[in-house]
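Novice: I am sharing coords.cif, which consists of mmCIF, C-alpha atoms:
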data_input
loop_
_atom_site.group_PDB
_atom_site.id
_atom_site.type_symbol
_atom_site.label_atom_id
_atom_site.label_comp_id
_atom_site.auth_asym_id
_atom_site.auth_seq_id
_atom_site.Cartn_x
_atom_site.Cartn_y
_atom_site.Cartn_z
ATOM 1 C CA MET A 1 -25.145 24.196 5.142
ATOM 2 C CA ASN A 2 -25.586 25.068 1.463
ATOM 3 C CA ASP A 3 -22.509 27.274 1.671
ATOM 4 C CA PHE A 4 -20.578 24.358 3.050
ATOM 5 C CA LEU A 5 -21.753 22.030 0.274
ATOM 6 C CA SER A 6 -21.139 24.496 -2.548
ATOM 7 C CA MET A 7 -17.569 25.224 -1.357
ATOM 8 C CA GLY A 8 -17.468 28.613 -3.083
ATOM 9 C CA GLY A 9 -18.724 27.085 -6.318
ATOM 10 C CA TYR A 10 -16.090 24.363 -6.399
ATOM 11 C CA GLY A 11 -18.185 21.814 -4.507
ATOM 12 C CA ALA A 12 -18.355 19.325 -7.387
ATOM 13 C CA TYR A 13 -14.565 19.076 -7.641
ATOM 14 C CA ILE A 14 -13.898 19.016 -3.926
ATOM 15 C CA TRP A 15 -16.588 16.507 -2.987
ATOM 16 C CA ALA A 16 -15.651 14.281 -5.919
ATOM 17 C CA CYS A 17 -12.059 14.231 -4.610
ATOM 18 C CA TYR A 18 -12.982 13.443 -1.021
ATOM 19 C CA GLY A 19 -15.624 10.900 -2.022
ATOM 20 C CA LEU A 20 -13.248 9.069 -4.310
ATOM 21 C CA VAL A 21 -10.442 8.967 -1.739
ATOM 22 C CA LEU A 22 -12.789 7.572 0.907
ATOM 23 C CA ILE A 23 -14.291 4.965 -1.441
ATOM 24 C CA VAL A 24 -10.904 3.739 -2.696
ATOM 25 C CA LEU A 25 -9.245 3.635 0.741
ATOM 26 C CA LEU A 26 -12.260 1.992 2.364
ATOM 27 C CA GLY A 27 -12.588 -0.536 -0.461
ATOM 28 C CA LEU A 28 -8.916 -1.514 -0.384
ATOM 29 C CA GLY A 29 -9.001 -1.763 3.403
ATOM 30 C CA ILE A 30 -12.078 -3.980 3.477
ATOM 31 C CA VAL A 31 -10.806 -6.273 0.711
ATOM 32 C CA SER A 32 -7.403 -6.611 2.423
ATOM 33 C CA TRP A 33 -8.979 -7.359 5.797
ATOM 34 C CA ARG A 34 -11.446 -9.911 4.440
ATOM 35 C CA THR A 35 -8.834 -11.693 2.327
ATOM 36 C CA GLN A 36 -6.513 -12.328 5.258
ATOM 37 C CA LYS A 37 -9.427 -13.422 7.469
ATOM 38 C CA THR A 38 -10.865 -15.966 5.009
ATOM 39 C CA ARG A 39 -7.437 -17.302 4.023
ATOM 40 C CA SER A 40 -6.250 -17.890 7.567
ATOM 41 C CA HIS A 41 -9.576 -19.490 8.523
ATOM 42 C CA ARG A 42 -9.297 -21.792 5.532
ATOM 43 C CA ALA A 43 -5.699 -22.657 6.408
ATOM 44 C CA ASP A 44 -6.668 -23.406 10.017
ATOM 45 C CA ALA A 45 -9.558 -25.600 8.860
ATOM 46 C CA LEU A 46 -7.332 -27.475 6.435
ATOM 47 C CA LYS A 47 -4.701 -28.031 9.092
ATOM 48 C CA ALA A 48 -7.305 -29.357 11.508
ATOM 49 C CA ALA A 49 -8.692 -31.734 8.865
ATOM 50 C CA GLN A 50 -5.311 -33.188 7.959
ATOM 51 C CA PRO A 51 -3.704 -36.081 9.816
ATOM 52 C CA ARG A 52 -1.094 -34.619 12.118
ATOM 53 C CA ARG A 53 2.151 -35.673 10.621
ATOM 54 C CA ARG A 54 5.463 -34.005 10.020
ATOM 55 C CA PRO A 55 6.490 -33.668 6.366
ATOM 56 C CA GLY A 56 9.630 -35.790 6.786
ATOM 57 C CA ALA A 57 8.112 -38.526 8.950
ATOM 58 C CA THR A 58 8.019 -42.113 7.698
ATOM 59 C CA LEU A 59 4.575 -43.292 6.654
ATOM 60 C CA GLY A 60 2.680 -45.624 8.932
ATOM 61 C CA THR A 61 5.185 -45.811 11.741
ATOM 62 C CA SER A 62 3.634 -43.593 14.322
ATOM 63 C CA SER A 63 0.718 -41.241 14.618
ATOM 64 C CA LYS A 64 2.466 -39.477 17.456
ATOM 65 C CA VAL A 65 3.631 -36.011 16.532
ATOM 66 C CA GLN A 66 7.130 -35.063 17.491
ATOM 67 C CA PRO A 67 7.518 -31.776 19.290
ATOM 68 C CA MET B 1 15.567 -7.884 10.361
ATOM 69 C CA HIS B 2 16.053 -11.620 10.565
ATOM 70 C CA TRP B 3 14.039 -11.674 13.729
ATOM 71 C CA PHE B 4 10.976 -11.155 11.507
ATOM 72 C CA ALA B 5 11.867 -14.125 9.321
ATOM 73 C CA ASN B 6 9.574 -16.442 11.268
ATOM 74 C CA PRO B 7 6.054 -15.884 9.858
ATOM 75 C CA ALA B 8 4.265 -17.018 13.029
ATOM 76 C CA ARG B 9 6.298 -14.572 15.091
ATOM 77 C CA PHE B 10 5.603 -11.793 12.623
ATOM 78 C CA ILE B 11 1.857 -12.477 12.698
ATOM 79 C CA ARG B 12 1.868 -12.347 16.504
ATOM 80 C CA LEU B 13 3.640 -8.992 16.352
ATOM 81 C CA ALA B 14 1.223 -7.696 13.703
ATOM 82 C CA ASP B 15 -1.734 -8.743 15.852
ATOM 83 C CA LYS B 16 -0.298 -6.631 18.667
ATOM 84 C CA ILE B 17 0.275 -3.589 16.443
ATOM 85 C CA LEU B 18 -3.016 -3.645 14.521
ATOM 86 C CA PRO B 19 -5.280 -2.809 17.510
ATOM 87 C CA LEU B 20 -3.241 0.418 17.829
ATOM 88 C CA THR B 21 -2.927 1.460 14.195
ATOM 89 C CA LEU B 22 -6.551 0.878 13.220
ATOM 90 C CA PRO B 23 -8.133 3.268 15.790
ATOM 91 C CA LEU B 24 -5.303 5.765 15.161
ATOM 92 C CA THR B 25 -6.088 5.691 11.442
ATOM 93 C CA VAL B 26 -9.811 6.224 11.988
ATOM 94 C CA GLY B 27 -9.283 8.929 14.628
ATOM 95 C CA LEU B 28 -6.692 10.878 12.653
ATOM 96 C CA LEU B 29 -8.819 10.628 9.524
ATOM 97 C CA ALA B 30 -11.862 12.015 11.364
ATOM 98 C CA VAL B 31 -9.871 14.908 12.841
ATOM 99 C CA GLY B 32 -8.098 15.492 9.532
ATOM 100 C CA LEU B 33 -11.352 15.637 7.570
ATOM 101 C CA TYR B 34 -12.823 18.104 10.051
ATOM 102 C CA LEU B 35 -9.750 20.351 9.878
ATOM 103 C CA ALA B 36 -9.528 20.081 6.111
ATOM 104 C CA LEU B 37 -13.178 20.688 5.268
ATOM 105 C CA VAL B 38 -14.467 22.851 8.115
ATOM 106 C CA ALA B 39 -11.844 24.420 10.355
ATOM 107 C CA SER B 40 -9.275 25.607 7.792
ATOM 108 C CA PRO B 41 -9.599 28.802 5.736
ATOM 109 C CA ALA B 42 -10.039 29.046 1.975
ATOM 110 C CA ASP B 43 -7.003 30.176 0.007
ATOM 111 C CA TYR B 44 -6.894 33.860 -1.054
ATOM 112 C CA GLN B 45 -6.074 32.814 -4.630
ATOM 113 C CA GLN B 46 -7.503 29.339 -5.054
ATOM 114 C CA GLY B 47 -10.587 29.674 -2.887
ATOM 115 C CA ASP B 48 -11.952 26.434 -1.492
ATOM 116 C CA THR B 49 -10.156 24.240 -4.020
ATOM 117 C CA VAL B 50 -7.146 24.438 -1.727
ATOM 118 C CA ARG B 51 -8.965 21.819 0.361
ATOM 119 C CA ILE B 52 -8.136 19.288 -2.342
ATOM 120 C CA MET B 53 -4.504 19.733 -1.289
ATOM 121 C CA TYR B 54 -5.168 18.026 2.047
ATOM 122 C CA ILE B 55 -5.831 14.728 0.304
ATOM 123 C CA HIS B 56 -3.857 15.271 -2.905
ATOM 124 C CA VAL B 57 -0.483 15.925 -1.228
ATOM 125 C CA PRO B 58 -0.737 13.032 1.272
ATOM 126 C CA SER B 59 -1.811 10.696 -1.562
ATOM 127 C CA ALA B 60 1.175 11.729 -3.668
ATOM 128 C CA TYR B 61 3.499 11.427 -0.681
ATOM 129 C CA MET B 62 2.180 7.933 0.063
ATOM 130 C CA ALA B 63 2.563 6.974 -3.608
ATOM 131 C CA LEU B 64 6.301 7.653 -3.267
ATOM 132 C CA PHE B 65 6.546 6.169 0.238
ATOM 133 C CA CYS B 66 4.949 2.887 -0.880
ATOM 134 C CA TYR B 67 7.333 2.691 -3.794
ATOM 135 C CA MET B 68 10.295 3.046 -1.440
ATOM 136 C CA ILE B 69 8.904 0.128 0.578
ATOM 137 C CA VAL B 70 8.442 -1.957 -2.589
ATOM 138 C CA ALA B 71 11.977 -1.087 -3.753
ATOM 139 C CA ALA B 72 13.544 -1.783 -0.335
ATOM 140 C CA ALA B 73 11.686 -5.115 -0.260
ATOM 141 C CA GLY B 74 13.009 -5.863 -3.743
ATOM 142 C CA PHE B 75 16.538 -5.050 -2.628
ATOM 143 C CA SER B 76 16.397 -7.394 0.361
ATOM 144 C CA THR B 77 14.779 -10.094 -1.785
ATOM 145 C CA LEU B 78 17.702 -9.973 -4.217
ATOM 146 C CA VAL B 79 20.567 -9.364 -1.785
ATOM 147 C CA TRP B 80 19.658 -11.133 1.468
ATOM 148 C CA ARG B 81 16.792 -13.332 0.241
ATOM 149 C CA HIS B 82 14.908 -12.337 3.340
ATOM 150 C CA PRO B 83 11.846 -14.614 3.425
ATOM 151 C CA LEU B 84 9.412 -11.829 4.300
ATOM 152 C CA ALA B 85 10.800 -9.274 1.850
ATOM 153 C CA ASP B 86 8.941 -10.455 -1.241
ATOM 154 C CA VAL B 87 5.761 -10.766 0.839
ATOM 155 C CA ALA B 88 6.177 -7.147 1.962
ATOM 156 C CA GLY B 89 6.765 -5.901 -1.581
ATOM 157 C CA LYS B 90 3.755 -7.775 -2.923
ATOM 158 C CA ALA B 91 1.625 -6.465 -0.039
ATOM 159 C CA ALA B 92 2.659 -2.799 -0.439
ATOM 160 C CA ALA B 93 2.287 -2.496 -4.222
ATOM 161 C CA PRO B 94 -1.540 -2.393 -4.458
ATOM 162 C CA ILE B 95 -1.638 0.256 -1.712
ATOM 163 C CA GLY B 96 0.899 2.302 -3.652
ATOM 164 C CA LEU B 97 -1.108 1.831 -6.827
ATOM 165 C CA ALA B 98 -4.248 3.089 -5.072
ATOM 166 C CA PHE B 99 -2.486 6.180 -3.698
ATOM 167 C CA THR B 100 -0.859 6.937 -7.066
ATOM 168 C CA GLY B 101 -4.236 6.690 -8.791
ATOM 169 C CA LEU B 102 -5.791 8.940 -6.148
ATOM 170 C CA ALA B 103 -2.970 11.489 -6.512
ATOM 171 C CA LEU B 104 -3.526 11.552 -10.279
ATOM 172 C CA VAL B 105 -7.323 11.842 -10.097
ATOM 173 C CA THR B 106 -7.442 14.408 -7.272
ATOM 174 C CA GLY B 107 -4.749 16.364 -9.112
ATOM 175 C CA SER B 108 -6.864 16.270 -12.237
ATOM 176 C CA LEU B 109 -9.941 17.437 -10.311
ATOM 177 C CA TRP B 110 -7.839 20.273 -8.875
ATOM 178 C CA GLY B 111 -6.237 21.096 -12.225
ATOM 179 C CA LYS B 112 -9.502 21.596 -14.076
ATOM 180 C CA PRO B 113 -10.765 24.560 -11.994
ATOM 181 C CA MET B 114 -7.290 26.059 -11.352
ATOM 182 C CA TRP B 115 -5.298 25.451 -14.525
ATOM 183 C CA GLY B 116 -8.255 25.036 -16.859
ATOM 184 C CA ALA B 117 -7.153 21.552 -17.915
ATOM 185 C CA TRP B 118 -7.787 18.048 -16.593
ATOM 186 C CA TRP B 119 -4.376 16.937 -17.735
ATOM 187 C CA VAL B 120 -1.164 18.404 -19.126
ATOM 188 C CA TRP B 121 1.831 16.398 -20.310
ATOM 189 C CA ASP B 122 4.332 18.112 -18.069
ATOM 190 C CA ALA B 123 7.188 16.505 -16.174
ATOM 191 C CA ARG B 124 5.508 16.053 -12.787
ATOM 192 C CA LEU B 125 2.255 14.602 -14.077
ATOM 193 C CA THR B 126 3.952 12.368 -16.630
ATOM 194 C CA SER B 127 6.492 10.979 -14.149
ATOM 195 C CA VAL B 128 3.700 10.157 -11.670
ATOM 196 C CA LEU B 129 1.808 8.420 -14.482
ATOM 197 C CA VAL B 130 4.973 6.375 -15.098
ATOM 198 C CA LEU B 131 4.945 5.464 -11.387
ATOM 199 C CA PHE B 132 1.355 4.249 -11.792
ATOM 200 C CA PHE B 133 2.435 1.948 -14.634
ATOM 201 C CA LEU B 134 5.471 0.763 -12.655
ATOM 202 C CA TYR B 135 3.127 -0.435 -9.912
ATOM 203 C CA LEU B 136 0.912 -2.125 -12.521
ATOM 204 C CA GLY B 137 3.940 -3.798 -14.113
ATOM 205 C CA TYR B 138 5.223 -4.962 -10.734
ATOM 206 C CA MET B 139 1.860 -6.521 -9.883
ATOM 207 C CA ALA B 140 1.530 -8.053 -13.368
ATOM 208 C CA ILE B 141 4.926 -9.757 -12.981
ATOM 209 C CA TRP B 142 3.783 -11.287 -9.692
ATOM 210 C CA GLY B 143 0.793 -12.732 -11.511
ATOM 211 C CA ALA B 144 2.746 -13.925 -14.550
ATOM 212 C CA PHE B 145 4.983 -16.592 -12.975
ATOM 213 C CA GLU B 146 3.911 -19.992 -11.674
ATOM 214 C CA ASP B 147 7.009 -20.228 -9.529
ATOM 215 C CA ARG B 148 6.869 -17.902 -6.548
ATOM 216 C CA SER B 149 10.604 -17.292 -6.141
ATOM 217 C CA LYS B 150 10.982 -16.530 -9.871
ATOM 218 C CA ALA B 151 8.123 -14.042 -9.685
ATOM 219 C CA ALA B 152 9.639 -12.455 -6.578
ATOM 220 C CA ARG B 153 13.020 -11.958 -8.255
ATOM 221 C CA ALA B 154 11.635 -10.620 -11.537
ATOM 222 C CA ALA B 155 9.329 -8.208 -9.690
ATOM 223 C CA ALA B 156 12.198 -7.089 -7.439
ATOM 224 C CA ILE B 157 14.372 -6.266 -10.466
ATOM 225 C CA LEU B 158 11.597 -4.152 -11.992
ATOM 226 C CA ALA B 159 11.088 -2.370 -8.649
ATOM 227 C CA LEU B 160 14.806 -1.529 -8.404
ATOM 228 C CA VAL B 161 15.042 -0.310 -12.002
ATOM 229 C CA GLY B 162 11.992 1.870 -11.364
ATOM 230 C CA VAL B 163 13.670 3.631 -8.414
ATOM 231 C CA ILE B 164 15.216 6.024 -10.948
ATOM 232 C CA ASN B 165 11.729 7.495 -11.362
ATOM 233 C CA ILE B 166 11.521 8.613 -7.711
ATOM 234 C CA PRO B 167 14.075 11.477 -7.836
ATOM 235 C CA ILE B 168 12.653 12.393 -11.253
ATOM 236 C CA ILE B 169 9.201 12.828 -9.677
ATOM 237 C CA LYS B 170 10.592 14.739 -6.693
ATOM 238 C CA PHE B 171 12.739 17.159 -8.673
ATOM 239 C CA SER B 172 10.641 17.343 -11.851
ATOM 240 C CA VAL B 173 9.170 20.640 -10.663
ATOM 241 C CA ASP B 174 12.679 22.141 -10.316
ATOM 242 C CA TRP B 175 14.384 20.642 -13.367
ATOM 243 C CA TRP B 176 11.742 21.401 -15.978
ATOM 244 C CA THR B 177 9.265 24.168 -16.649
ATOM 245 C CA THR B 178 5.972 22.904 -15.348
ATOM 246 C CA LEU B 179 2.475 23.982 -14.469
ATOM 247 C CA HIS B 180 2.726 22.096 -11.202
ATOM 248 C CA GLN B 181 3.799 24.202 -8.267
ATOM 249 C CA PRO B 182 7.177 23.511 -6.617
ATOM 250 C CA ALA B 183 7.497 21.784 -3.258
ATOM 251 C CA SER B 184 6.011 23.777 -0.401
ATOM 252 C CA LEU B 185 6.239 21.240 2.413
ATOM 253 C CA PHE B 186 9.352 19.063 2.122
ATOM 254 C CA ARG B 187 11.822 21.877 1.485
ATOM 255 C CA ALA B 188 15.380 22.360 2.677
ATOM 256 C CA ASP B 189 14.469 25.782 4.128
ATOM 257 C CA GLY B 190 11.297 24.611 5.872
ATOM 258 C CA PRO B 191 7.678 24.639 4.724
ATOM 259 C CA SER B 192 6.541 27.729 2.816
ATOM 260 C CA ILE B 193 2.868 26.916 3.215
ATOM 261 C CA ASP B 194 0.720 29.201 5.378
ATOM 262 C CA PRO B 195 0.641 28.114 9.069
ATOM 263 C CA SER B 196 -3.172 27.925 9.086
ATOM 264 C CA MET B 197 -3.028 25.240 6.412
ATOM 265 C CA ARG B 198 -0.384 23.129 8.092
ATOM 266 C CA PRO B 199 -2.447 21.316 10.779
ATOM 267 C CA PRO B 200 -4.961 19.679 8.380
ATOM 268 C CA LEU B 201 -2.135 18.703 6.052
ATOM 269 C CA TYR B 202 0.000 17.172 8.807
ATOM 270 C CA VAL B 203 -2.934 15.326 10.355
ATOM 271 C CA MET B 204 -3.984 13.912 6.971
ATOM 272 C CA LEU B 205 -0.375 12.882 6.258
ATOM 273 C CA ALA B 206 -0.294 11.027 9.583
ATOM 274 C CA ALA B 207 -3.712 9.454 8.924
ATOM 275 C CA PHE B 208 -2.612 8.166 5.507
ATOM 276 C CA GLN B 209 0.610 6.864 7.023
ATOM 277 C CA PHE B 210 -1.243 4.889 9.689
ATOM 278 C CA TYR B 211 -3.750 3.730 7.068
ATOM 279 C CA PHE B 212 -0.816 2.342 5.130
ATOM 280 C CA PHE B 213 0.607 0.452 8.109
ATOM 281 C CA THR B 214 -2.789 -1.027 8.979
ATOM 282 C CA VAL B 215 -3.600 -2.234 5.467
ATOM 283 C CA PHE B 216 0.028 -3.251 4.868
ATOM 284 C CA LEU B 217 -0.072 -5.581 7.894
ATOM 285 C CA TRP B 218 -3.431 -7.015 6.801
ATOM 286 C CA ARG B 219 -2.060 -7.676 3.330
ATOM 287 C CA ILE B 220 1.127 -9.297 4.693
ATOM 288 C CA LYS B 221 -1.033 -11.548 6.877
ATOM 289 C CA GLY B 222 -3.116 -12.398 3.807
ATOM 290 C CA GLU B 223 0.000 -13.290 1.812
ATOM 291 C CA LEU B 224 1.422 -15.416 4.617
ATOM 292 C CA ALA B 225 -1.903 -17.216 4.955
ATOM 293 C CA ALA B 226 -1.910 -17.884 1.200
ATOM 294 C CA ILE B 227 1.583 -19.375 1.441
ATOM 295 C CA ARG B 228 0.546 -21.515 4.414
ATOM 296 C CA LEU B 229 -2.585 -22.627 2.569
ATOM 297 C CA ASN B 230 -0.498 -23.717 -0.422
ATOM 298 C CA ALA B 231 1.931 -25.618 1.783
ATOM 299 C CA LEU B 232 -0.936 -27.366 3.588
ATOM 300 C CA ARG B 233 -2.579 -28.337 0.298
ATOM 301 C CA TYR B 234 0.734 -29.716 -0.916
ATOM 302 C CA ALA B 235 1.236 -31.636 2.309
ATOM 303 C CA GLY B 236 -2.315 -32.965 2.073
ATOM 304 C CA GLU B 237 -1.589 -34.446 -1.347
ATOM 305 C CA ALA B 238 1.798 -35.830 -0.392
ATOM 306 C CA PRO B 239 0.721 -39.143 1.246
ATOM 307 C CA ARG B 240 -1.105 -40.270 -1.900
ATOM 308 C CA SER B 241 1.918 -39.597 -4.103
ATOM 309 C CA ALA B 242 4.590 -40.471 -1.589
ATOM 310 C CA SER B 243 8.125 -40.594 -2.919
ATOM 311 C CA PRO B 244 9.857 -43.995 -3.164
ATOM 312 C CA LYS B 245 12.270 -42.979 -0.440
ATOM 313 C CA GLU B 246 9.430 -42.583 2.000
ATOM 314 C CA GLU B 247 8.054 -46.040 1.191
ATOM 315 C CA GLN B 248 11.258 -47.763 2.261
ATOM 316 C CA PRO B 249 10.861 -49.473 5.612
#
Output the file's structure in the form of structure tokens.

Specialist:
Amino acid sequence: MNDFLSMGGYGAYIWACYGLVLIVLLGLGIVSWRTQKTRSHRADALKAAQPRRRPGATLGTSSKVQP
Amino acid sequence: MHWFANPARFIRLADKILPLTLPLTVGLLAVGLYLALVASPADYQQGDTVRIMYIHVPSAYMALFCYMIVAAAGFSTLVWRHPLADVAGKAAAPIGLAFTGLALVTGSLWGKPMWGAWWVWDARLTSVLVLFFLYLGYMAIWGAFEDRSKAARAAAILALVGVINIPIIKFSVDWWTTLHQPASLFRADGPSIDPSMRPPLYVMLAAFQFYFFTVFLWRIKGELAAIRLNALRYAGEAPRSASPKEEQP
């Protein structure tokens, strides 16, 4: 096990490389995943809270949504 | 390509692809790490530091790959005004920035024990540093404009101008005297690297590639959701400040 960790004396360089790659890739992945989740939840919530109305529709004529 | 122009359709497609790419990324990464750190031999000259290659080379490859995506997205933003192109470019750039940074840092951590220097100002290292700043500039332009379409066009122009750097990076090791070794994998006459070192390298390349597609799709979904959120906010404010035309009976 110690042999594996020391990597022929180059352990510090090698483990620093692998650790950094994993931290950066994991961090970017988690941030990207969470951002899209929270944003689409917020958009869905906002859409549900808004009166259903098409952008071009005339105000006050009908609450019925056209297909 | 215009089939993808509908964001809802694209998101449905992405949601079908993601359950495949995410486990593939994790699986390939696990196998790749095992091959790279345990199952592959040390180099006769470089000893165990050769293991840095299995993440350094894929990182550098992905740094270039991401830039090609950003540049292609810029091209279709400017030429065809494809509605998803600027979203794709904006989504790919931070991934490219991360891989470029990792290529630089892992290279530095490999250079110190093998060359005796953390950094040398030679053609390969300098041109990759330029790539790093191109990504930063591209992302800064996106943040600098209020108007989305203006930002998209300005960023696309920078991305296309920066394409000149890609062949410079690729051929820097042939055109100039450099400490960096020449290509040993993507060569016209086939890979010159020892067969025992090929499997970990190929598996890690595939893992990084699938990582890119997974995170790329997440980031595109995030961008599309941001656009939708903006549109909904705008629509939510519209009734209070309705235009005169709308108030006509």

Novice: Which residues, named as in the file, does the PyMOL selection byres ((chain A) within 9 of (chain B)) pick out? Answer as number ranges by chain.

Specialist: A: 4, 7-11, 13-18, 20-21, 24-25, 28-30, 32-44, 46-47, 50-51, 55-59

Novice: May I have the protein, DNA and RNA residues with any atom at most 12 Å from the point (14.8, 9.0, -13.8), counting all atoms listed in the file, written as a list in words?

Specialist: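 Every polymer residue passing the test: Ala123, Arg124, Thr126, Ser127, Val128, Val130, Leu131, Leu160, Val161, Gly162, Val163, Ile164, Asn165, Ile166, Pro167, Ile168, Ile169, Lys170, Phe171, Ser172 and Trp175 of chain B.
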
Novice: What is the distance, in Å and to one decimal place, between atom CA of B:Ala72 and atom CA of B:Leu134?

Specialist: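 Going from atom CA of B:Ala72 over to atom CA of B:Leu134, I get 14.9 Å.
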
Novice: Rounded to one decimal in Å, what is the spacing between atom CA of B:Trp142 and atom CA of B:Lys90?

Specialist: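 Between atom CA of B:Trp142 and atom CA of B:Lys90 the gap works out to 7.6 Å.
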
Novice: Grab all the atoms of stretch 152-155 of chain B that the file lists, wrap them in a box along x, y and z, add 5 Å per side, and give me centre plus edge lengths in Å (one decimal) as JSON.

Specialist:
{"center_x": 11.2, "center_y": -10.3, "center_z": -9.1, "size_x": 13.7, "size_y": 14.2, "size_z": 15.0}

Novice: Name all residues at most 12 Å from stretch 76-82 of chain B (count all atoms listed in the file; drop same-chain ones fewer than 3 positions away) and give them as an MDAnalysis selection string.

Specialist: chainID B and resid 1:7 69:73 85:90 149:160

Novice: Take the PyMOL selection byres ((chain B and resi 207) around 9), apply it to the structure above, and return the hits as a PyMOL selection string.

Specialist: chain B and resi 24-30+32+58+202-206+208-212

Novice: With the PyMOL selection byres ((chain B and resi 63) around 8) as the selection, what would be picked from this file? Answer as a list in words, please.

Specialist: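 Output of the PyMOL selection byres ((chain B and resi 63) around 8): Ser59, Ala60, Tyr61, Met62, Leu64, Phe65, Cys66, Tyr67, Gly96, Leu97, Ala98, Phe99, Thr100 and Ala103 of chain B.
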
Novice: Hey, can you check how far atom CA of B:His180 sits from atom CA of B:Trp115?

Specialist: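 Value for the atom CA of B:His180-atom CA of B:Trp115 distance: 9.3 Å.
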
Novice: Calculated over only C-alpha atoms, which of the candidates B:Phe10, B:Tyr34, B:Tyr138, B:Trp118 has the smallest distance to B:Leu84?

Specialist: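 Among B:Phe10, B:Tyr34, B:Tyr138, B:Trp118, it is B:Phe10 that comes nearest to B:Leu84.
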